[in-house]
Amino acid sequence: MRWKEQLLRLTPYQPGRSIDAVKKQFNLEKIVKLASNENPFGCSTGVSTALQSNLSSLAIYPDGYATQLREKLAEFLGINEEELILGNGSDNLIQIISRSLLHPNASTIMATPSFSQYKHNAIIEGAVIKELPLINGEHNLDEMLAAIDEQTNVIWVCSPNNPTATYIPENKLIPFLDKVPPHILVVLDEAYYEYVVAEDYYDSINLTRKYENLIVLRTFSKIYGMAGLRVGYGVANRTIIKALEPAREPFNANSLGQLAAIAAINDQEFVEVCKEKNRQGLTQFYDFCEQNQLDYYPSQTNFILIDFKIDGDKVFQYLLEKGFIVRSGKALGFPTAVRVTVGSFEENVGVLQALSDFLKEN
Ligand SMILES: *Cc1c(COP(=O)(O)O)cnc(C)c1O
């Protein structure tokens with residue numbers, strides 16, 4: 001078959017190791033998965049209640065317009081219903097945007113290391129990819145601006161950034177947005193938005209009003225604890241949404257996901273509790289790093305990237321055999337680091353004890 005040439009160079013996304021696979025391999029009873037930035041506290045009880053009472057309608061296609069969720073989200077965010085696009089996770093929105101704007105005669109700009117799916121989708125579309133290295137874990141917005149050329153169609157900005165957990169302060173984002181030509185779409189991926197505590201963070205939804213070339217991506221996979229249900233959304237002005245809609249699969253947000261997301265929005269107390277516990281959890285990691293003189297980036301997310309100054313795969317493997325699945329920095333562009341999701345208090349104690357043991361033995 002005559003596959004697209006660019007597909008032959010790609011490997012599928014490598015997910016964090018599954019709990020079952022690790023249990024089997026190392027004959028372990030209990031596994032703690034801190035690899036994919038999932039919420040260790042699960043999701044709101046309102047979500048499970050909503051799902052259980054709606055299991056009878058699974059033979060029916062989802063509402064392709066996600067009417068109820070759309071209304072809920074619009075009200076919650078203080079925007080118009082036409083300023084929203086729903087996704088089968090925000091991964092799906094990255095794909096829709098790429099499909100809509102990228103092609104072999106287009107170029108696209110992104111930071112590196114950053115979230116892998118921007119590049120992955122850009123490769124599939126055959127676009128010219130310009131990756132600008134982070135400085136100190138942060139986007140080099142000046143260099144990203146300087147990389148703009150005649151063909152540039154999309155600029156990807158991940159804030160807070162995965163895998164560094166750093167964010168872009170308002171006083172850097174605004175001048176950047178001011179300088180991007182209006183025909184170039186800026187994608188602001190805020191998968192960790194709800195975890196942010198920095199006071200100089202910007203109001204991204206408001207910015208979509210001012211900047212007609214900005215789309216903000218958010219997800220129910222992280223703080224809302226619904227990664228398995230696959231719901232994400234994009235916020236932008238009507239013109240952008242209208243242009244993207246034909247590239248969206250008609251039923252990309254599934255029925256249960258839609259219901260669950262409504263219930264999840266209704267429980268902001270759950271979100272607040274998770275945010276607070278996450279900040280406390282991060283202090284456990286900060287203390288550990290300071291005690292052991294390990295470098296890390298201060299986090300605005302529910303994960304932390306820690307530099308062990310040795311092969312990250314070695315740290316990863318050690319933890320795996322003790323029943324902790326984390327992410328080696330090697331595949332993430334930080335070969336001597338590991339990325340650890342902040343777990344519950346006890347899970348953090350466990351993984352940090354294992355890391356202490358590792359440091360003693362190595
Ligand atoms: C987890 C993550 C996503 C994808 O989230 P889904 O909504 O589950 O597809 C997108 N961007 C970043 C930066 C992420 O870390």
# chains A, B, ... in the order shown; residues from 1 in each chain; ligands from 1
$ residues_around --residues "A:Ile168" --least-positions-apart "3" --cutoff "8 Å" --atoms "only C-alpha atoms" --output "list in words"
Glu138, His139, Ser159, Pro160, Lys172, Leu173 and Tyr201 of chain A
$ write_last_selection --atoms "N, CA, C and O atoms" --output "mmCIF file, in the first residue's frame"
data_model
loop_
_atom_site.group_PDB
_atom_site.id
_atom_site.type_symbol
_atom_site.label_atom_id
_atom_site.label_comp_id
_atom_site.auth_asym_id
_atom_site.auth_seq_id
_atom_site.Cartn_x
_atom_site.Cartn_y
_atom_site.Cartn_z
ATOM 1 N N GLU A 138 11.150 27.099 30.330
ATOM 2 C CA GLU A 138 10.058 27.973 29.888
ATOM 3 C C GLU A 138 10.095 28.237 28.383
ATOM 4 O O GLU A 138 11.161 28.237 27.773
ATOM 5 N N HIS A 139 8.936 28.508 27.823
ATOM 6 C CA HIS A 139 8.863 28.834 26.395
ATOM 7 C C HIS A 139 9.739 30.045 26.080
ATOM 8 O O HIS A 139 9.693 31.049 26.792
ATOM 9 N N SER A 159 0.838 26.011 28.386
ATOM 10 C CA SER A 159 1.039 26.712 29.654
ATOM 11 C C SER A 159 -0.088 26.367 30.611
ATOM 12 O O SER A 159 -1.245 26.670 30.318
ATOM 13 N N PRO A 160 0.235 25.725 31.747
ATOM 14 C CA PRO A 160 1.559 25.224 32.133
ATOM 15 C C PRO A 160 2.060 24.149 31.162
ATOM 16 O O PRO A 160 1.257 23.393 30.623
ATOM 17 N N LYS A 172 4.381 38.200 29.964
ATOM 18 C CA LYS A 172 5.116 37.678 28.802
ATOM 19 C C LYS A 172 4.158 37.215 27.709
ATOM 20 O O LYS A 172 4.467 37.303 26.522
ATOM 21 N N LEU A 173 3.019 36.692 28.129
ATOM 22 C CA LEU A 173 2.078 36.178 27.123
ATOM 23 C C LEU A 173 1.461 37.310 26.303
ATOM 24 O O LEU A 173 1.346 37.213 25.072
ATOM 25 N N TYR A 201 -0.751 34.720 36.556
ATOM 26 C CA TYR A 201 -1.322 33.966 35.449
ATOM 27 C C TYR A 201 -2.388 34.839 34.797
ATOM 28 O O TYR A 201 -2.950 35.723 35.412
#
$ residues_near_ligand --ligand "ligand 1" --cutoff "8 Å" --atoms "only C-alpha atoms and all ligand atoms" --output "PyMOL selection string"
chain A and resi 36-37+87-92+114-115+117+158-163+189-192+217-222+227-228+230-232
$ write_last_selection --atoms "N, CA, C and O atoms" --output "short mmCIF file (atom, residue, chain, number, x, y, z; two decimals), in the first residue's frame"
data_model
loop_
_atom_site.label_atom_id
_atom_site.label_comp_id
_atom_site.auth_asym_id
_atom_site.auth_seq_id
_atom_site.Cartn_x
_atom_site.Cartn_y
_atom_site.Cartn_z
N SER A 36 0.85 9.50 34.28
CA SER A 36 0.08 10.19 33.24
C SER A 36 -0.70 11.39 33.76
O SER A 36 -1.64 11.85 33.10
N ASN A 37 -0.32 11.86 34.93
CA ASN A 37 -0.92 13.08 35.51
C ASN A 37 -2.43 12.98 35.70
O ASN A 37 -3.16 13.96 35.59
N GLY A 87 -14.23 18.14 22.23
CA GLY A 87 -13.31 17.15 21.68
C GLY A 87 -13.37 15.83 22.42
O GLY A 87 -13.82 15.78 23.58
N ASN A 88 -12.95 14.78 21.76
CA ASN A 88 -12.78 13.48 22.39
C ASN A 88 -11.44 13.54 23.13
O ASN A 88 -10.44 12.97 22.71
N GLY A 89 -11.43 14.31 24.21
CA GLY A 89 -10.18 14.70 24.86
C GLY A 89 -9.60 15.88 24.11
O GLY A 89 -9.97 16.14 22.95
N SER A 90 -8.68 16.62 24.75
CA SER A 90 -8.10 17.74 24.01
C SER A 90 -7.12 17.25 22.96
O SER A 90 -6.82 17.95 22.00
N ASP A 91 -6.64 16.03 23.09
CA ASP A 91 -5.84 15.41 22.01
C ASP A 91 -6.57 15.50 20.68
O ASP A 91 -5.99 15.78 19.64
N ASN A 92 -7.87 15.23 20.74
CA ASN A 92 -8.69 15.26 19.54
C ASN A 92 -8.75 16.67 18.95
O ASN A 92 -8.77 16.85 17.73
N SER A 114 7.98 19.82 24.79
CA SER A 114 6.62 20.18 25.17
C SER A 114 5.73 18.96 24.90
O SER A 114 6.24 17.86 24.67
N PHE A 115 4.44 19.16 24.91
CA PHE A 115 3.53 18.03 24.74
C PHE A 115 3.71 17.41 23.34
O PHE A 115 3.70 18.13 22.34
N GLN A 117 2.03 15.69 21.23
CA GLN A 117 1.02 15.56 20.18
C GLN A 117 1.01 16.69 19.15
O GLN A 117 0.51 16.52 18.04
N CYS A 158 2.08 25.80 25.30
CA CYS A 158 1.59 24.91 26.36
C CYS A 158 1.88 25.56 27.70
O CYS A 158 3.04 25.69 28.10
N SER A 159 0.84 26.01 28.39
CA SER A 159 1.04 26.71 29.65
C SER A 159 -0.09 26.37 30.61
O SER A 159 -1.24 26.67 30.32
N PRO A 160 0.24 25.73 31.75
CA PRO A 160 1.56 25.22 32.13
C PRO A 160 2.06 24.15 31.16
O PRO A 160 1.26 23.39 30.62
N ASN A 161 3.37 24.13 31.02
CA ASN A 161 3.97 23.23 30.02
C ASN A 161 4.17 21.82 30.57
O ASN A 161 4.64 21.62 31.68
N ASN A 162 3.80 20.85 29.75
CA ASN A 162 4.11 19.46 30.02
C ASN A 162 5.33 19.13 29.15
O ASN A 162 5.25 19.34 27.94
N PRO A 163 6.47 18.71 29.67
CA PRO A 163 6.71 18.10 30.98
C PRO A 163 7.40 18.97 32.04
O PRO A 163 7.81 18.44 33.06
N ASP A 189 -2.62 25.62 25.09
CA ASP A 189 -3.04 24.35 25.71
C ASP A 189 -2.95 24.49 27.22
O ASP A 189 -1.86 24.59 27.78
N GLU A 190 -4.13 24.49 27.85
CA GLU A 190 -4.19 24.66 29.31
C GLU A 190 -4.73 23.42 29.99
O GLU A 190 -5.64 23.52 30.84
N ALA A 191 -4.16 22.28 29.69
CA ALA A 191 -4.64 21.03 30.28
C ALA A 191 -4.57 21.05 31.81
O ALA A 191 -5.34 20.37 32.48
N TYR A 192 -3.66 21.87 32.35
CA TYR A 192 -3.47 21.90 33.81
C TYR A 192 -3.98 23.19 34.43
O TYR A 192 -3.66 23.52 35.57
N LEU A 217 -7.32 25.49 24.88
CA LEU A 217 -7.74 24.09 25.02
C LEU A 217 -7.71 23.68 26.49
O LEU A 217 -6.75 23.94 27.20
N ARG A 218 -8.78 23.05 26.92
CA ARG A 218 -8.85 22.52 28.29
C ARG A 218 -9.42 21.11 28.26
O ARG A 218 -9.92 20.66 27.23
N THR A 219 -9.35 20.45 29.40
CA THR A 219 -9.73 19.04 29.41
C THR A 219 -10.36 18.62 30.73
O THR A 219 -10.11 19.24 31.77
N PHE A 220 -11.18 17.57 30.64
CA PHE A 220 -11.72 16.96 31.85
C PHE A 220 -10.85 15.78 32.31
O PHE A 220 -11.22 15.06 33.22
N SER A 221 -9.72 15.60 31.65
CA SER A 221 -8.88 14.43 31.96
C SER A 221 -7.99 14.62 33.18
O SER A 221 -7.53 13.66 33.78
N LYS A 222 -7.69 15.85 33.53
CA LYS A 222 -6.70 16.06 34.58
C LYS A 222 -7.38 16.32 35.92
O LYS A 222 -7.77 15.38 36.57
N ALA A 227 -10.10 11.07 32.78
CA ALA A 227 -9.27 10.75 31.61
C ALA A 227 -9.88 9.62 30.78
O ALA A 227 -9.79 9.61 29.55
N GLY A 228 -10.53 8.67 31.44
CA GLY A 228 -11.10 7.54 30.73
C GLY A 228 -12.34 7.89 29.93
O GLY A 228 -12.77 7.11 29.07
N ARG A 230 -12.75 10.81 28.13
CA ARG A 230 -12.35 11.52 26.92
C ARG A 230 -13.22 12.73 26.59
O ARG A 230 -14.00 12.72 25.62
N VAL A 231 -13.11 13.76 27.37
CA VAL A 231 -13.78 15.02 27.03
C VAL A 231 -12.81 16.19 27.19
O VAL A 231 -12.19 16.36 28.24
N GLY A 232 -12.68 16.97 26.15
CA GLY A 232 -11.91 18.20 26.20
C GLY A 232 -12.69 19.27 25.46
O GLY A 232 -13.68 18.97 24.78
#
$ select_by_dssp --residues "stretch 110-239 of chain A" --states "strand (DSSP E)" --output "PyMOL selection string"
chain A and resi 110-112+128-133+152-158+185-189+214-219+232-235
$ write_last_selection --atoms "N, CA and C atoms" --output "PDB file, in the first residue's frame"
ATOM      1  N   MET A 110       6.555  25.433  17.670  1.00  0.00           N
ATOM      2  CA  MET A 110       6.266  24.913  19.010  1.00  0.00           C
ATOM      3  C   MET A 110       7.532  24.935  19.857  1.00  0.00           C
ATOM      4  N   ALA A 111       7.352  24.845  21.147  1.00  0.00           N
ATOM      5  CA  ALA A 111       8.502  24.754  22.048  1.00  0.00           C
ATOM      6  C   ALA A 111       8.933  23.294  22.141  1.00  0.00           C
ATOM      7  N   THR A 112      10.169  23.075  22.521  1.00  0.00           N
ATOM      8  CA  THR A 112      10.620  21.721  22.798  1.00  0.00           C
ATOM      9  C   THR A 112      11.548  21.713  24.016  1.00  0.00           C
ATOM     10  N   VAL A 128       5.932  21.799   7.861  1.00  0.00           N
ATOM     11  CA  VAL A 128       7.301  22.122   8.279  1.00  0.00           C
ATOM     12  C   VAL A 128       7.242  22.472   9.764  1.00  0.00           C
ATOM     13  N   ILE A 129       8.084  21.800  10.570  1.00  0.00           N
ATOM     14  CA  ILE A 129       7.999  21.965  12.023  1.00  0.00           C
ATOM     15  C   ILE A 129       9.184  22.758  12.532  1.00  0.00           C
ATOM     16  N   LYS A 130       8.895  23.819  13.278  1.00  0.00           N
ATOM     17  CA  LYS A 130       9.971  24.610  13.872  1.00  0.00           C
ATOM     18  C   LYS A 130       9.874  24.487  15.389  1.00  0.00           C
ATOM     19  N   GLU A 131      10.858  23.817  15.975  1.00  0.00           N
ATOM     20  CA  GLU A 131      10.852  23.604  17.423  1.00  0.00           C
ATOM     21  C   GLU A 131      11.874  24.524  18.078  1.00  0.00           C
ATOM     22  N   LEU A 132      11.422  25.298  19.049  1.00  0.00           N
ATOM     23  CA  LEU A 132      12.314  26.226  19.728  1.00  0.00           C
ATOM     24  C   LEU A 132      12.556  25.747  21.154  1.00  0.00           C
ATOM     25  N   PRO A 133      13.818  25.511  21.486  1.00  0.00           N
ATOM     26  CA  PRO A 133      14.125  24.975  22.815  1.00  0.00           C
ATOM     27  C   PRO A 133      13.640  25.875  23.954  1.00  0.00           C
ATOM     28  N   THR A 152       3.768  30.158   8.085  1.00  0.00           N
ATOM     29  CA  THR A 152       3.336  29.750   9.433  1.00  0.00           C
ATOM     30  C   THR A 152       1.818  29.857   9.592  1.00  0.00           C
ATOM     31  N   ASN A 153       1.215  28.753  10.023  1.00  0.00           N
ATOM     32  CA  ASN A 153      -0.234  28.742  10.237  1.00  0.00           C
ATOM     33  C   ASN A 153      -0.636  28.544  11.693  1.00  0.00           C
ATOM     34  N   VAL A 154       0.191  27.835  12.457  1.00  0.00           N
ATOM     35  CA  VAL A 154      -0.178  27.541  13.849  1.00  0.00           C
ATOM     36  C   VAL A 154       1.040  27.670  14.756  1.00  0.00           C
ATOM     37  N   ILE A 155       0.826  28.310  15.920  1.00  0.00           N
ATOM     38  CA  ILE A 155       1.843  28.327  16.975  1.00  0.00           C
ATOM     39  C   ILE A 155       1.241  27.644  18.204  1.00  0.00           C
ATOM     40  N   TRP A 156       1.966  26.665  18.738  1.00  0.00           N
ATOM     41  CA  TRP A 156       1.487  25.916  19.901  1.00  0.00           C
ATOM     42  C   TRP A 156       2.152  26.463  21.160  1.00  0.00           C
ATOM     43  N   VAL A 157       1.330  26.781  22.140  1.00  0.00           N
ATOM     44  CA  VAL A 157       1.866  27.276  23.410  1.00  0.00           C
ATOM     45  C   VAL A 157       1.241  26.428  24.519  1.00  0.00           C
ATOM     46  N   CYS A 158       2.083  25.796  25.304  1.00  0.00           N
ATOM     47  CA  CYS A 158       1.587  24.911  26.355  1.00  0.00           C
ATOM     48  C   CYS A 158       1.883  25.564  27.703  1.00  0.00           C
ATOM     49  N   LEU A 185      -2.928  31.053  13.865  1.00  0.00           N
ATOM     50  CA  LEU A 185      -3.660  30.581  15.045  1.00  0.00           C
ATOM     51  C   LEU A 185      -2.681  30.280  16.181  1.00  0.00           C
ATOM     52  N   VAL A 186      -2.938  30.875  17.338  1.00  0.00           N
ATOM     53  CA  VAL A 186      -2.173  30.535  18.545  1.00  0.00           C
ATOM     54  C   VAL A 186      -3.021  29.565  19.359  1.00  0.00           C
ATOM     55  N   VAL A 187      -2.467  28.375  19.615  1.00  0.00           N
ATOM     56  CA  VAL A 187      -3.168  27.374  20.417  1.00  0.00           C
ATOM     57  C   VAL A 187      -2.574  27.389  21.816  1.00  0.00           C
ATOM     58  N   LEU A 188      -3.391  27.766  22.779  1.00  0.00           N
ATOM     59  CA  LEU A 188      -2.927  27.816  24.164  1.00  0.00           C
ATOM     60  C   LEU A 188      -3.480  26.588  24.878  1.00  0.00           C
ATOM     61  N   ASP A 189      -2.620  25.616  25.093  1.00  0.00           N
ATOM     62  CA  ASP A 189      -3.041  24.351  25.708  1.00  0.00           C
ATOM     63  C   ASP A 189      -2.947  24.487  27.220  1.00  0.00           C
ATOM     64  N   LEU A 214      -6.750  33.356  18.752  1.00  0.00           N
ATOM     65  CA  LEU A 214      -6.370  32.536  19.910  1.00  0.00           C
ATOM     66  C   LEU A 214      -7.414  31.478  20.190  1.00  0.00           C
ATOM     67  N   ILE A 215      -6.964  30.238  20.402  1.00  0.00           N
ATOM     68  CA  ILE A 215      -7.866  29.192  20.898  1.00  0.00           C
ATOM     69  C   ILE A 215      -7.259  28.588  22.162  1.00  0.00           C
ATOM     70  N   VAL A 216      -8.097  28.413  23.164  1.00  0.00           N
ATOM     71  CA  VAL A 216      -7.668  27.856  24.448  1.00  0.00           C
ATOM     72  C   VAL A 216      -8.190  26.429  24.539  1.00  0.00           C
ATOM     73  N   LEU A 217      -7.317  25.488  24.876  1.00  0.00           N
ATOM     74  CA  LEU A 217      -7.738  24.089  25.016  1.00  0.00           C
ATOM     75  C   LEU A 217      -7.714  23.683  26.490  1.00  0.00           C
ATOM     76  N   ARG A 218      -8.785  23.051  26.917  1.00  0.00           N
ATOM     77  CA  ARG A 218      -8.846  22.518  28.291  1.00  0.00           C
ATOM     78  C   ARG A 218      -9.418  21.107  28.258  1.00  0.00           C
ATOM     79  N   THR A 219      -9.349  20.454  29.404  1.00  0.00           N
ATOM     80  CA  THR A 219      -9.727  19.038  29.407  1.00  0.00           C
ATOM     81  C   THR A 219     -10.364  18.619  30.729  1.00  0.00           C
ATOM     82  N   GLY A 232     -12.682  16.967  26.147  1.00  0.00           N
ATOM     83  CA  GLY A 232     -11.914  18.202  26.199  1.00  0.00           C
ATOM     84  C   GLY A 232     -12.694  19.273  25.458  1.00  0.00           C
ATOM     85  N   TYR A 233     -12.268  20.514  25.611  1.00  0.00           N
ATOM     86  CA  TYR A 233     -12.971  21.574  24.865  1.00  0.00           C
ATOM     87  C   TYR A 233     -12.014  22.681  24.466  1.00  0.00           C
ATOM     88  N   GLY A 234     -12.431  23.385  23.429  1.00  0.00           N
ATOM     89  CA  GLY A 234     -11.670  24.543  22.968  1.00  0.00           C
ATOM     90  C   GLY A 234     -12.551  25.777  23.050  1.00  0.00           C
ATOM     91  N   VAL A 235     -11.940  26.901  23.406  1.00  0.00           N
ATOM     92  CA  VAL A 235     -12.662  28.172  23.455  1.00  0.00           C
ATOM     93  C   VAL A 235     -11.976  29.159  22.516  1.00  0.00           C
TER      94      VAL A 235
END
$ select_by_dssp --residues "stretch 128-319 of chain A" --states "alpha helix (DSSP H)" --output "ChimeraX atom specification"
/A:141-146,170-179,204-210,238-244,255-266,268-291,312-319
$ atom_distance --atom1 "atom CA of A:Ala243" --atom2 "atom CA of A:Ala122"
18.4 Å
$ closest_residue --among "A:Gly225, A:Gly333, A:Pro298, A:Gly281" --to "A:Val351" --atoms "only C-alpha atoms"
A:Gly281
$ residues_around --residues "A:Gln258" --least-positions-apart "4" --cutoff "8 Å" --atoms "only C-alpha atoms" --output "mmCIF file with all heavy atoms, in the first residue's frame"
data_model
loop_
_atom_site.group_PDB
_atom_site.id
_atom_site.type_symbol
_atom_site.label_atom_id
_atom_site.label_comp_id
_atom_site.auth_asym_id
_atom_site.auth_seq_id
_atom_site.Cartn_x
_atom_site.Cartn_y
_atom_site.Cartn_z
ATOM 1 N N ALA A 66 -23.537 18.287 21.583
ATOM 2 C CA ALA A 66 -23.324 18.304 23.039
ATOM 3 C C ALA A 66 -24.083 19.464 23.680
ATOM 4 O O ALA A 66 -23.535 20.231 24.482
ATOM 5 C CB ALA A 66 -21.834 18.381 23.367
ATOM 6 N N GLN A 68 -26.382 20.046 26.007
ATOM 7 C CA GLN A 68 -26.464 20.340 27.446
ATOM 8 C C GLN A 68 -25.107 20.689 28.034
ATOM 9 O O GLN A 68 -24.980 21.622 28.822
ATOM 10 C CB GLN A 68 -27.075 19.140 28.184
ATOM 11 C CG GLN A 68 -28.555 19.023 27.890
ATOM 12 C CD GLN A 68 -29.178 17.859 28.616
ATOM 13 O OE1 GLN A 68 -28.518 16.845 28.876
ATOM 14 N NE2 GLN A 68 -30.445 17.977 28.941
ATOM 15 N N LEU A 69 -24.112 19.931 27.628
ATOM 16 C CA LEU A 69 -22.767 20.236 28.119
ATOM 17 C C LEU A 69 -22.322 21.609 27.616
ATOM 18 O O LEU A 69 -21.718 22.397 28.343
ATOM 19 C CB LEU A 69 -21.779 19.145 27.675
ATOM 20 C CG LEU A 69 -20.307 19.420 27.971
ATOM 21 C CD1 LEU A 69 -20.069 19.673 29.460
ATOM 22 C CD2 LEU A 69 -19.441 18.251 27.493
ATOM 23 N N VAL A 231 -13.108 13.764 27.374
ATOM 24 C CA VAL A 231 -13.778 15.019 27.032
ATOM 25 C C VAL A 231 -12.809 16.190 27.190
ATOM 26 O O VAL A 231 -12.187 16.358 28.243
ATOM 27 C CB VAL A 231 -15.029 15.299 27.914
ATOM 28 C CG1 VAL A 231 -15.783 16.533 27.387
ATOM 29 C CG2 VAL A 231 -15.967 14.106 27.938
ATOM 30 N N ALA A 253 -17.573 13.653 21.065
ATOM 31 C CA ALA A 253 -17.734 13.650 22.526
ATOM 32 C C ALA A 253 -18.825 12.638 22.852
ATOM 33 O O ALA A 253 -19.982 12.801 22.455
ATOM 34 C CB ALA A 253 -18.095 15.036 23.031
ATOM 35 N N ASN A 254 -18.480 11.571 23.561
ATOM 36 C CA ASN A 254 -19.428 10.467 23.751
ATOM 37 C C ASN A 254 -20.489 10.803 24.809
ATOM 38 O O ASN A 254 -20.322 11.724 25.616
ATOM 39 C CB ASN A 254 -18.671 9.180 24.102
ATOM 40 C CG ASN A 254 -18.069 9.247 25.483
ATOM 41 O OD1 ASN A 254 -18.734 9.000 26.487
ATOM 42 N ND2 ASN A 254 -16.792 9.604 25.555
ATOM 43 N N ILE A 262 -20.865 17.423 32.736
ATOM 44 C CA ILE A 262 -21.827 18.340 33.363
ATOM 45 C C ILE A 262 -21.787 18.166 34.878
ATOM 46 O O ILE A 262 -21.685 19.127 35.643
ATOM 47 C CB ILE A 262 -23.258 18.074 32.827
ATOM 48 C CG1 ILE A 262 -23.330 18.442 31.339
ATOM 49 C CG2 ILE A 262 -24.289 18.873 33.628
ATOM 50 C CD1 ILE A 262 -24.613 18.002 30.647
#
$ decode --residues "stretch 203-219 of chain A" --atoms "N, CA, C and O atoms" --output "compact mmCIF listing (two decimals), in the first residue's frame"
# COMPACT_ATOMS: atom_id res chain seq x y z
N ASP A 203 -5.95 35.58 32.30
CA ASP A 203 -7.31 35.10 32.13
C ASP A 203 -7.49 34.73 30.66
O ASP A 203 -7.85 35.55 29.83
N SER A 204 -7.22 33.47 30.36
CA SER A 204 -7.15 33.07 28.96
C SER A 204 -8.48 33.18 28.23
O SER A 204 -8.53 33.53 27.05
N ILE A 205 -9.56 32.88 28.92
CA ILE A 205 -10.87 32.93 28.26
C ILE A 205 -11.15 34.37 27.81
O ILE A 205 -11.58 34.62 26.69
N ASN A 206 -10.82 35.30 28.70
CA ASN A 206 -10.97 36.71 28.36
C ASN A 206 -10.10 37.10 27.17
O ASN A 206 -10.50 37.90 26.32
N LEU A 207 -8.91 36.50 27.10
CA LEU A 207 -8.00 36.83 26.00
C LEU A 207 -8.55 36.39 24.65
O LEU A 207 -8.22 36.99 23.61
N THR A 208 -9.40 35.36 24.64
CA THR A 208 -9.96 34.93 23.35
C THR A 208 -10.89 36.00 22.78
O THR A 208 -11.19 36.01 21.59
N ARG A 209 -11.34 36.90 23.65
CA ARG A 209 -12.16 38.03 23.20
C ARG A 209 -11.30 39.06 22.48
O ARG A 209 -11.68 39.61 21.45
N LYS A 210 -10.13 39.30 23.07
CA LYS A 210 -9.27 40.36 22.56
C LYS A 210 -8.48 39.88 21.33
O LYS A 210 -8.26 40.65 20.39
N TYR A 211 -8.06 38.62 21.35
CA TYR A 211 -7.21 38.11 20.27
C TYR A 211 -8.02 37.15 19.40
O TYR A 211 -8.37 36.05 19.84
N GLU A 212 -8.29 37.57 18.20
CA GLU A 212 -9.17 36.79 17.32
C GLU A 212 -8.48 35.58 16.72
O GLU A 212 -9.08 34.82 15.97
N ASN A 213 -7.20 35.42 17.04
CA ASN A 213 -6.45 34.27 16.52
C ASN A 213 -6.01 33.34 17.64
O ASN A 213 -5.03 32.63 17.51
N LEU A 214 -6.75 33.36 18.75
CA LEU A 214 -6.37 32.54 19.91
C LEU A 214 -7.41 31.48 20.19
O LEU A 214 -8.62 31.77 20.22
N ILE A 215 -6.96 30.24 20.40
CA ILE A 215 -7.87 29.19 20.90
C ILE A 215 -7.26 28.59 22.16
O ILE A 215 -6.05 28.35 22.23
N VAL A 216 -8.10 28.41 23.16
CA VAL A 216 -7.67 27.86 24.45
C VAL A 216 -8.19 26.43 24.54
O VAL A 216 -9.37 26.18 24.28
N LEU A 217 -7.32 25.49 24.88
CA LEU A 217 -7.74 24.09 25.02
C LEU A 217 -7.71 23.68 26.49
O LEU A 217 -6.75 23.94 27.20
N ARG A 218 -8.78 23.05 26.92
CA ARG A 218 -8.85 22.52 28.29
C ARG A 218 -9.42 21.11 28.26
O ARG A 218 -9.92 20.66 27.23
N THR A 219 -9.35 20.45 29.40
CA THR A 219 -9.73 19.04 29.41
C THR A 219 -10.36 18.62 30.73
O THR A 219 -10.11 19.24 31.77
